[in-house]
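Asks: So I've got this file, final-v3.csv, and it contains CSV, C-alpha atoms:
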chain,number,residue,atom,x,y,z
A,17,MET,CA,84.2,124.8,168.0
A,18,ASN,CA,85.7,125.0,171.5
A,19,ARG,CA,84.4,127.7,173.7
A,20,ILE,CA,86.8,130.3,175.2
A,21,GLU,CA,86.8,131.4,178.9
A,22,ILE,CA,87.0,135.1,179.3
A,23,ASP,CA,86.9,137.2,182.4
A,24,ILE,CA,84.3,139.9,182.6
A,25,SER,CA,83.9,141.8,185.9
A,26,GLN,CA,85.6,139.1,187.9
A,27,GLN,CA,83.2,136.5,186.4
A,28,LYS,CA,84.2,133.8,183.9
A,29,VAL,CA,81.9,133.6,181.0
A,30,SER,CA,81.9,130.9,178.3
A,31,VAL,CA,81.8,132.5,174.9
A,32,ASN,CA,81.7,131.1,171.4
A,33,PRO,CA,84.7,132.4,169.3
A,34,VAL,CA,82.4,133.9,166.7
A,35,VAL,CA,80.9,136.1,169.4
A,36,LEU,CA,84.3,137.6,170.0
A,37,VAL,CA,84.6,138.2,166.2
A,38,VAL,CA,81.3,140.0,166.3
A,39,MET,CA,82.2,142.0,169.3
A,40,ARG,CA,85.3,143.2,167.4
A,41,THR,CA,83.2,143.9,164.3
A,42,ALA,CA,80.6,145.9,166.3
A,43,MET,CA,83.3,148.1,167.8
A,44,SER,CA,85.1,148.7,164.5
A,45,ILE,CA,82.3,149.0,162.0
A,46,SER,CA,79.7,151.7,162.3
A,47,GLU,CA,78.4,151.6,158.7
A,48,PRO,CA,78.0,148.7,156.2
A,49,VAL,CA,81.2,147.9,154.2
A,50,TYR,CA,80.5,146.7,150.7
A,51,ASN,CA,83.9,146.9,148.9
A,52,PRO,CA,82.9,145.4,145.6
A,53,LEU,CA,85.4,145.1,142.7
A,54,GLN,CA,84.7,147.7,140.0
A,55,LEU,CA,84.0,145.5,137.0
A,56,PRO,CA,82.8,146.5,133.5
A,57,ALA,CA,79.3,145.6,132.6
A,58,PRO,CA,78.4,143.2,131.1
A,59,ARG,CA,80.9,141.2,133.1
A,60,ALA,CA,83.5,139.1,131.3
A,61,GLU,CA,83.4,135.4,132.3
A,62,SER,CA,86.7,133.8,133.1
A,63,VAL,CA,85.0,130.4,133.2
A,64,VAL,CA,81.7,129.3,131.8
A,65,VAL,CA,79.9,127.8,134.8
A,66,ARG,CA,77.2,125.4,133.5
A,67,LYS,CA,74.1,124.4,135.4
A,68,ARG,CA,73.8,120.7,135.7
A,69,ALA,CA,70.3,119.6,136.9
A,70,THR,CA,70.1,117.1,139.7
A,71,SER,CA,67.2,114.7,140.4
A,72,PRO,CA,64.2,116.4,142.0
A,73,ASP,CA,64.3,113.8,144.8
A,74,LYS,CA,68.0,114.1,145.5
A,75,LYS,CA,68.8,112.6,148.9
A,76,ILE,CA,71.8,112.3,151.1
A,77,VAL,CA,72.6,108.8,149.8
A,78,ASN,CA,71.7,107.0,146.6
A,79,LEU,CA,73.2,103.5,146.8
A,80,ASN,CA,72.5,102.9,143.1
A,81,SER,CA,74.3,105.9,141.6
A,82,MET,CA,76.8,107.4,144.1
A,83,THR,CA,80.4,106.3,144.7
A,84,ASP,CA,81.7,105.2,148.1
A,85,GLU,CA,83.7,108.5,148.3
A,86,GLU,CA,80.6,110.6,147.6
A,87,ILE,CA,78.6,108.8,150.2
A,88,ALA,CA,81.4,109.1,152.8
A,89,LYS,CA,81.5,112.9,152.4
A,90,ALA,CA,77.7,113.1,152.7
A,91,VAL,CA,77.8,110.9,155.8
A,92,ILE,CA,80.5,113.1,157.4
A,93,GLU,CA,78.4,116.2,156.7
A,94,ASN,CA,75.4,114.7,158.4
A,95,TRP,CA,77.2,112.8,161.1
A,96,ASN,CA,74.9,112.8,164.2
A,97,ILE,CA,77.4,113.8,166.8
A,98,GLY,CA,77.8,116.9,168.9
A,99,ASP,CA,81.1,118.2,167.5
A,100,ASP,CA,80.3,120.4,164.5
A,101,LEU,CA,84.0,120.8,163.7
A,102,ALA,CA,84.4,117.1,163.2
A,103,ARG,CA,81.8,117.3,160.4
A,104,THR,CA,84.1,119.5,158.3
A,105,THR,CA,84.3,118.2,154.7
A,106,SER,CA,86.9,118.9,152.1
A,107,TYR,CA,86.1,119.2,148.4
A,108,LYS,CA,87.6,120.3,145.1
A,109,MET,CA,86.4,122.4,142.2
A,110,LYS,CA,88.0,122.6,138.8
A,111,SER,CA,87.3,123.7,135.3
A,112,LYS,CA,88.2,121.9,132.1
A,113,ASN,CA,88.8,123.7,128.8
A,114,GLY,CA,87.2,126.8,130.3
A,115,VAL,CA,84.1,125.1,131.5
A,116,ALA,CA,83.0,124.1,135.0
A,117,ASP,CA,79.8,122.3,136.1
A,118,VAL,CA,77.7,123.0,139.2
A,119,GLU,CA,74.7,121.0,140.3
A,120,ILE,CA,71.5,123.0,140.6
A,121,ASN,CA,67.9,122.1,141.3
A,122,PRO,CA,65.7,125.1,142.3
A,123,ASN,CA,62.8,122.7,143.0
A,124,TYR,CA,64.8,120.9,145.6
A,125,ASP,CA,66.9,123.8,147.0
A,126,PRO,CA,65.5,127.4,147.1
A,127,HIS,CA,69.1,128.7,147.4
A,128,ALA,CA,70.3,126.8,144.3
A,129,GLU,CA,70.4,130.0,142.1
A,130,ALA,CA,72.3,131.9,144.8
A,131,GLU,CA,74.8,129.1,145.2
A,132,TYR,CA,75.2,129.0,141.4
A,133,GLU,CA,76.0,132.7,141.4
A,134,ALA,CA,78.4,132.2,144.3
A,135,THR,CA,80.3,129.5,142.2
A,136,ARG,CA,80.5,131.9,139.3
A,137,ASN,CA,81.9,134.6,141.6
A,138,GLU,CA,84.5,132.2,143.1
A,139,TYR,CA,86.0,131.5,139.6
A,140,ALA,CA,85.9,135.2,138.8
A,141,LEU,CA,87.7,136.2,141.9
A,142,VAL,CA,90.4,133.5,141.4
A,143,ASP,CA,90.8,134.8,137.8
A,144,LYS,CA,91.6,138.2,139.2
A,145,GLY,CA,94.3,136.9,141.6
A,146,TYR,CA,92.3,136.5,144.8
A,147,ASP,CA,93.5,133.0,145.8
A,148,LEU,CA,91.9,132.8,149.3
A,149,LEU,CA,88.1,133.0,149.4
A,150,PHE,CA,85.6,132.9,152.3
A,151,TRP,CA,82.1,132.0,151.3
A,152,ILE,CA,79.5,132.3,154.1
A,153,SER,CA,76.0,130.7,153.6
A,154,ALA,CA,73.9,131.4,156.7
A,155,LYS,CA,71.2,129.2,158.2
A,156,ASP,CA,67.5,130.1,157.7
A,157,ALA,CA,64.1,128.4,157.6
A,158,TYR,CA,65.3,126.0,154.9
A,159,TYR,CA,68.9,125.5,156.0
A,160,PRO,CA,68.9,124.5,159.7
A,161,GLU,CA,72.7,125.0,159.7
A,162,GLY,CA,75.1,127.4,158.0
A,163,ARG,CA,78.4,126.8,156.2
A,164,LEU,CA,81.7,128.7,156.1
A,165,ASN,CA,83.6,127.6,153.0
A,166,ILE,CA,87.3,128.4,152.8
A,167,VAL,CA,88.6,128.1,149.2
A,168,ARG,CA,92.1,128.2,147.8
A,169,GLY,CA,92.3,128.8,144.1
A,170,ASN,CA,95.0,128.3,141.5
A,171,LYS,CA,94.9,129.3,137.9
A,172,ILE,CA,96.7,126.7,135.7
A,173,GLY,CA,96.8,127.9,132.1
A,174,ASP,CA,93.3,128.7,131.1
A,175,ASP,CA,91.8,126.5,133.8
A,176,TYR,CA,91.3,126.6,137.5
A,177,ASP,CA,91.9,124.2,140.3
A,178,MET,CA,90.4,124.9,143.8
A,179,ASP,CA,90.6,123.1,147.1
A,180,ALA,CA,88.1,123.9,149.9
A,181,GLU,CA,86.8,123.0,153.3
A,182,ALA,CA,83.2,123.4,154.4
A,183,LEU,CA,82.8,124.1,158.1
A,184,VAL,CA,79.4,123.7,159.9
A,185,ILE,CA,78.4,126.9,161.6
A,186,GLN,CA,75.5,127.5,164.0
A,187,TRP,CA,75.9,131.3,163.9
A,188,SER,CA,72.9,133.6,163.6
A,189,GLN,CA,72.3,135.5,160.4
A,190,GLU,CA,73.4,138.7,162.1
A,191,GLN,CA,76.7,137.1,163.2
A,192,CYS,CA,77.3,135.8,159.7
A,193,LEU,CA,76.7,139.2,158.2
A,194,SER,CA,79.0,140.8,160.8
A,195,LEU,CA,81.8,138.4,159.9
A,196,GLY,CA,81.3,139.3,156.2
A,197,LYS,CA,81.6,143.0,157.0
A,198,LEU,CA,84.7,142.4,159.1
A,199,LEU,CA,86.4,140.5,156.2
A,200,LEU,CA,85.5,143.3,153.8
A,201,GLN,CA,86.7,145.9,156.2
A,202,GLN,CA,90.1,144.1,156.4
A,203,GLY,CA,90.6,144.4,152.6
A,204,GLY,CA,88.5,141.5,151.3
A,205,LYS,CA,86.8,142.0,147.9
A,206,SER,CA,83.5,140.7,146.6
A,207,MET,CA,82.3,140.8,142.9
A,208,GLU,CA,79.3,142.9,143.9
A,209,GLY,CA,78.2,144.7,147.1
A,210,VAL,CA,77.2,142.8,150.2
A,211,THR,CA,74.1,144.6,151.7
A,212,ASP,CA,72.2,141.8,153.5
A,213,ILE,CA,72.4,138.1,154.3
A,214,GLU,CA,71.2,136.9,150.9
A,215,SER,CA,73.7,139.0,149.0
A,216,LEU,CA,76.3,137.6,151.3
A,217,ARG,CA,75.2,134.1,150.2
A,218,CYS,CA,76.0,135.0,146.6
A,219,GLN,CA,79.3,136.8,147.3
A,220,PRO,CA,82.4,135.0,148.3
A,221,ILE,CA,85.0,137.4,149.8
A,222,GLY,CA,88.5,137.2,148.3
A,223,PHE,CA,92.0,138.0,149.5
A,224,ARG,CA,95.4,137.9,147.8
A,225,LEU,CA,97.8,135.7,149.8
A,226,GLU,CA,100.9,137.4,148.4
A,227,GLU,CA,103.4,134.8,149.5
A,228,LYS,CA,101.6,134.1,152.8
A,229,LYS,CA,100.4,130.6,153.7
A,230,TRP,CA,96.6,130.4,153.6
A,231,LEU,CA,96.3,129.4,157.3
A,232,GLU,CA,98.6,132.3,158.3
A,233,LYS,CA,96.2,134.7,156.5
A,234,CYS,CA,93.2,133.0,158.2
A,235,ARG,CA,94.8,133.6,161.6
A,236,GLU,CA,95.6,137.2,160.8
A,237,LEU,CA,92.0,137.9,159.8
A,238,MET,CA,90.2,135.9,162.5
A,239,PRO,CA,92.5,135.1,165.4
A,240,GLU,CA,89.5,134.3,167.6
A,241,MET,CA,89.0,131.0,165.7
A,242,GLU,CA,92.3,129.4,166.5
A,243,ASP,CA,90.7,126.0,167.3
A,244,VAL,CA,89.4,125.9,163.7
A,245,TRP,CA,92.8,126.8,162.2
A,246,LYS,CA,94.5,124.1,164.3
A,247,PHE,CA,91.9,121.5,163.2
A,248,LEU,CA,92.5,122.4,159.6
A,249,GLU,CA,96.3,122.6,160.1
A,250,ASN,CA,96.3,119.1,161.5
A,251,LYS,CA,94.2,117.8,158.7
A,252,ALA,CA,91.9,116.1,161.2
A,253,MET,CA,89.1,115.9,158.6
A,254,VAL,CA,91.2,113.5,156.5
A,255,GLY,CA,91.1,110.9,159.3
A,256,HIS,CA,87.4,111.3,159.7
A,257,GLU,CA,86.8,110.9,155.9
A,258,ARG,CA,89.0,107.8,155.9
A,259,GLU,CA,87.0,106.2,158.7
A,260,ALA,CA,83.7,107.2,157.1
A,261,LEU,CA,84.8,105.6,153.8
A,262,ARG,CA,85.8,102.4,155.6
A,263,ALA,CA,82.3,102.3,157.3
A,264,VAL,CA,80.5,103.0,154.0
A,265,LYS,CA,82.3,100.1,152.3
A,266,ILE,CA,81.3,97.7,155.1
A,267,ALA,CA,77.7,99.0,155.2
A,268,ARG,CA,77.4,98.7,151.4
A,269,GLU,CA,78.7,95.2,151.4
A,270,GLU,CA,76.5,94.0,154.3
A,271,SER,CA,73.3,95.8,153.3
A,272,LYS,CA,73.2,94.5,149.7
A,273,GLY,CA,71.3,97.6,148.6
A,274,ASN,CA,68.9,97.7,151.6
A,275,GLN,CA,68.8,101.3,152.7
A,276,LYS,CA,67.6,100.6,156.2
A,277,VAL,CA,70.3,98.0,156.8
A,278,PHE,CA,72.8,100.3,155.3
A,279,TYR,CA,72.1,103.0,158.0
A,280,GLN,CA,72.0,100.5,160.7
A,281,VAL,CA,75.5,99.2,159.8
A,282,LEU,CA,76.8,102.8,159.6
A,283,ARG,CA,75.4,103.4,163.1
A,284,ARG,CA,77.2,100.3,164.4
A,285,GLU,CA,80.4,101.4,162.8
A,286,GLY,CA,80.3,104.8,164.6
A,287,PHE,CA,78.6,106.9,162.0
A,288,PRO,CA,74.9,107.5,162.9
A,289,VAL,CA,73.4,109.8,160.3
A,290,ARG,CA,71.0,112.7,161.0
A,291,ALA,CA,67.5,111.9,159.9
A,292,ALA,CA,67.2,115.0,157.6
A,293,GLY,CA,70.0,116.5,155.6
A,294,ASN,CA,71.1,120.1,155.9
A,295,HIS,CA,72.5,122.9,153.8
A,296,GLY,CA,71.7,121.4,150.5
A,297,VAL,CA,72.0,117.8,151.4
A,298,GLY,CA,68.7,116.0,151.5
A,299,GLY,CA,67.2,113.2,153.6
A,300,VAL,CA,68.6,109.8,154.0
A,301,SER,CA,66.3,107.5,152.1
A,302,GLY,CA,66.7,108.1,148.4
A,303,ILE,CA,63.9,105.5,147.7
A,304,GLU,CA,60.6,107.2,147.8
A,305,SER,CA,59.1,110.7,147.5
A,306,TYR,CA,57.6,112.2,150.6
A,307,ARG,CA,56.6,115.5,152.2
A,308,MET,CA,59.1,117.3,154.5
A,309,ARG,CA,58.5,120.7,156.2
A,310,MET,CA,60.4,122.9,158.6
A,311,VAL,CA,58.8,124.3,161.8
A,312,GLY,CA,61.4,126.5,163.4
A,313,ASN,CA,64.6,124.4,163.3
A,314,GLU,CA,62.7,121.1,163.5
A,315,VAL,CA,62.2,118.9,160.4
A,316,TYR,CA,58.9,117.0,160.0
A,317,VAL,CA,58.2,114.2,157.5
A,318,THR,CA,55.0,112.5,156.4
A,319,PRO,CA,55.1,108.7,156.8
A,320,THR,CA,54.6,106.6,153.7
A,321,LYS,CA,51.8,104.0,153.5
A,322,LYS,CA,52.5,100.6,152.1
A,323,GLU,CA,50.0,98.2,150.4
A,324,ASN,CA,49.6,96.3,153.7
A,325,GLY,CA,48.2,99.4,155.3
A,326,LYS,CA,51.2,100.0,157.6
A,327,TYR,CA,53.1,103.3,157.8
A,328,PHE,CA,56.8,103.7,157.5
A,329,CYS,CA,59.4,106.4,158.1
A,330,PRO,CA,60.5,107.6,154.6
A,331,LEU,CA,64.0,108.4,155.9
A,332,CYS,CA,65.1,105.2,157.5
A,333,GLY,CA,62.3,102.7,156.7
A,334,ALA,CA,61.3,101.9,160.3
A,335,GLU,CA,57.6,101.2,160.9
A,336,VAL,CA,55.7,104.1,162.4
A,337,LYS,CA,52.7,103.5,164.7
A,338,SER,CA,49.6,105.7,164.3
A,339,ASN,CA,50.2,107.1,167.8
A,340,GLU,CA,53.9,107.9,167.3
A,341,THR,CA,55.1,111.5,166.7
A,342,ILE,CA,58.8,110.6,166.5
A,343,CYS,CA,60.4,107.8,164.5
A,344,SER,CA,61.7,105.1,166.9
A,345,GLN,CA,64.8,104.5,164.7
A,346,CYS,CA,66.1,107.8,163.3
A,347,LYS,CA,64.2,110.2,165.7
A,348,VAL,CA,62.8,112.5,163.0
A,349,LYS,CA,59.5,114.2,163.9
A,350,ILE,CA,56.4,112.6,162.2
A,351,ASP,CA,53.8,114.8,160.6
A,352,TRP,CA,50.3,113.2,160.4
A,353,SER,CA,48.6,116.4,159.2
A,354,SER,CA,48.4,115.5,155.5
As a first step, turn the structure in this file into C-alpha cells.
Replies:
Amino acid sequence: MNRIEIDISQQKVSVNPVVLVVMRTAMSISEPVYNPLQLPAPRAESVVVRKRATSPDKKIVNLNSMTDEEIAKAVIENWNIGDDLARTTSYKMKSKNGVADVEINPNYDPHAEAEYEATRNEYALVDKGYDLLFWISAKDAYYPEGRLNIVRGNKIGDDYDMDAEALVIQWSQEQCLSLGKLLLQQGGKSMEGVTDIESLRCQPIGFRLEEKKWLEKCRELMPEMEDVWKFLENKAMVGHEREALRAVKIAREESKGNQKVFYQVLRREGFPVRAAGNHGVGGVSGIESYRMRMVGNEVYVTPTKKENGKYFCPLCGAEVKSNETICSQCKVKIDWSS
C-alpha cells in the first residue's frame, strides 16, 4: 500500500494508512467493542460447511494435480516482489444444495480449525442479510503475513454465492485488532464476540449494504485506505492474474513436470516465487517431505540428502553445499541442525 505524507509539527512523516486507521480507533474506542449477533443456542446452520481433508504435504504448487488457474493464484499470492497490493488474489465461495466444502488440515496448518469456523460464520452472516464481510487473519509465528479478506455475499434460493479478494497485510496483531474494533464500533456484526486476535481470526465482521455499492461502503468505513479501494475498483488484480496464468502455461509446457525448471521459467517470465509460502500456502516444491521451522519471521528448511550423498534445497531443488546457510537459487535459509 502507498504511504501517505502527513504534516506533524512542521515535519513531514511517512505513515502507513493502517496507522491512521489505528490512530482514529485509539481516539474513539476506550473499551473493547464486541457487538455479537444474539443468536439462539444451539445455532441453526444456514449451510452445512463440510471439512475436506488436504494432503499433509500440501505445497504451493503440485504440477500433477492442480489446474493452471489454481497454480496462477498461488503464484500471485507468493509473488516475490515488493508491492504487497499487487499480490491481491480474488476467489469465489459457493454452496450447492445447502452444502459447502472447505479444505482443512490441522497437521499442516495450526489455524485450520479457526479458518473453518470463520467460513461457517461467513455463510451464517450472509444468510442473515450481511452482504459485505471483512475477515481479518493476523500474522503470527506461523503466518509471516496477514490477510484482509473482503467478501460480498449473495443468497440465491437456498444457496450462496460469494466473491472475495484477499489482501496481503503486514500489520501487527494490535493494529489488526484495532481495525476489527473500529469496524464493530461502526455497526459491524460478528456471530460471536471479538475479544482477542484469535477470536478475530474466527469472526468475520458483516455489514448490510442497503443499496450502497460495496466499494462505497469500504470508503465510508476506512477512508484512509483509498489506494486499496482504487486498486480494487480498477480491477488491477485481474491483469496480474491473467499474466500469471500466461506464465504458468509457458512454464508448465517447458518444464515437462520438472519442478525446478518450472520455477526457473516462472522467474524468467516475471514471476519469481517466494521460497516459503505464507498464510496457509505451503512451500514451493510439492515433491518431498522436509522439515521447516520459523525463527522470528524467517523460514528455515532442512536440506534433503540424495543417494549420491549430495544435499539439495527441498523447495527449489538447487544443490546446497555443506558450508551454505542460504540456498543460492531461492534464497531460503538452510537449517543444518537436524
Asks: Of the candidates A:Lys347, A:Arg235, A:Lys112, A:Lys155, which shows the shortest atom-to-atom distance to Asp174 in chain A, using only C-alpha atoms?
Replies: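 Of the candidates, the smallest distance to Asp174 in chain A is held by A:Lys112.
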Asks: Quick one, how far is CA of Glu236 in chain A from CA of Ile92 in chain A?
Replies: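 These two atoms are separated by 28.6 Å.
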Asks: Which of these residues is nearest to Tyr316 in chain A, using only C-alpha atoms: A:Lys349, A:Lys144, A:Lys108, A:Lys337?
Replies: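 Counting only C-alpha atoms, the residue closest to Tyr316 in chain A is A:Lys349.
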Asks: Between A:Pro288, A:Ala128, A:Ser106, A:Pro330, which residue has the minimum interatomic distance to Glu86 in chain A, considering only C-alpha atoms?
Replies: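 Ranked by minimum distance to Glu86 in chain A, first place goes to A:Ser106.
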Asks: For the atom pair CA of Ala154 in chain A and CA of Asp179 in chain A, what is the interatomic distance in Å to one decimal place?
Replies: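 Between CA of Ala154 in chain A and CA of Asp179 in chain A the gap works out to 21.0 Å.
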Asks: Just to confirm, what's the straight-line distance from CA of Leu231 in chain A to CA of Arg168 in chain A in Å (one decimal)?
Replies: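 Calculated distance between CA of Leu231 in chain A and CA of Arg168 in chain A is 10.5 Å.
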Asks: Using all atoms listed in the file, pick whichever of A:Met82, A:Leu148, A:Ile213, A:Ala334 has the shortest atom-to-atom distance to Lys229 in chain A.
Replies: A:Leu148
Asks: Under the rule that all atoms listed in the file are counted, which of A:Leu216, A:Glu335, A:Val281, A:Glu161 is the nearest residue to Asn94 in chain A?
Replies: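 Among the listed residues, the smallest separation from Asn94 in chain A belongs to A:Glu161.
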Asks: Name the closest residue to Tyr139 in chain A among the candidates A:Ala116, A:Leu183, A:Ala88, A:Ile152; distances are taken between atoms, counting all atoms listed in the file.
Replies: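 Comparing A:Ala116, A:Leu183, A:Ala88, A:Ile152 against Tyr139 in chain A, the winner is A:Ala116.
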Asks: Please identify all polymer residues within 10 Å of Gly203 in chain A, counting all atoms listed in the file, omitting same-chain residues fewer than 6 positions from it, and present them as a PDB file with C-alpha atoms, in the coordinates of the input.
Replies:
ATOM      1  CA  ASN A  51      83.900 146.900 148.900  1.00  0.00           C
ATOM      2  CA  ILE A 221      85.000 137.400 149.800  1.00  0.00           C
ATOM      3  CA  GLY A 222      88.500 137.200 148.300  1.00  0.00           C
ATOM      4  CA  PHE A 223      92.000 138.000 149.500  1.00  0.00           C
ATOM      5  CA  ARG A 224      95.400 137.900 147.800  1.00  0.00           C
ATOM      6  CA  LEU A 237      92.000 137.900 159.800  1.00  0.00           C
TER       7      LEU A 237
END
Asks: Residues at most 8 Å from Ile166 in chain A, counting only C-alpha atoms, excluding those fewer than 6 positions away in the same chain, as a ChimeraX atom specification?
Replies: /A:148-151,180-182
Asks: Which residues, written as a ChimeraX atom specification, have at least one atom at most 12 Å from Arg262 in chain A, with all atoms listed in the file counted and residues fewer than 3 positions away on the same chain left out?
Replies: /A:84-85,87-89,91,255-259,265-269,281-282,285-287
Asks: Applying 9 Å and all atoms listed in the file, which residues near Phe247 in chain A remain after dropping the ones on its own chain fewer than 5 positions away? List them as a list in words.
Replies: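 Here the qualifying residues turn out to be Leu101, Ala102, Glu242, Ala252 and Met253 of chain A.
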Asks: Export, as a PDB file, in the frame of the given file, the selected residues with C-alpha atoms.
Replies:
ATOM      1  CA  LEU A 101      84.000 120.800 163.700  1.00  0.00           C
ATOM      2  CA  ALA A 102      84.400 117.100 163.200  1.00  0.00           C
ATOM      3  CA  GLU A 242      92.300 129.400 166.500  1.00  0.00           C
ATOM      4  CA  ALA A 252      91.900 116.100 161.200  1.00  0.00           C
ATOM      5  CA  MET A 253      89.100 115.900 158.600  1.00  0.00           C
TER       6      MET A 253
END
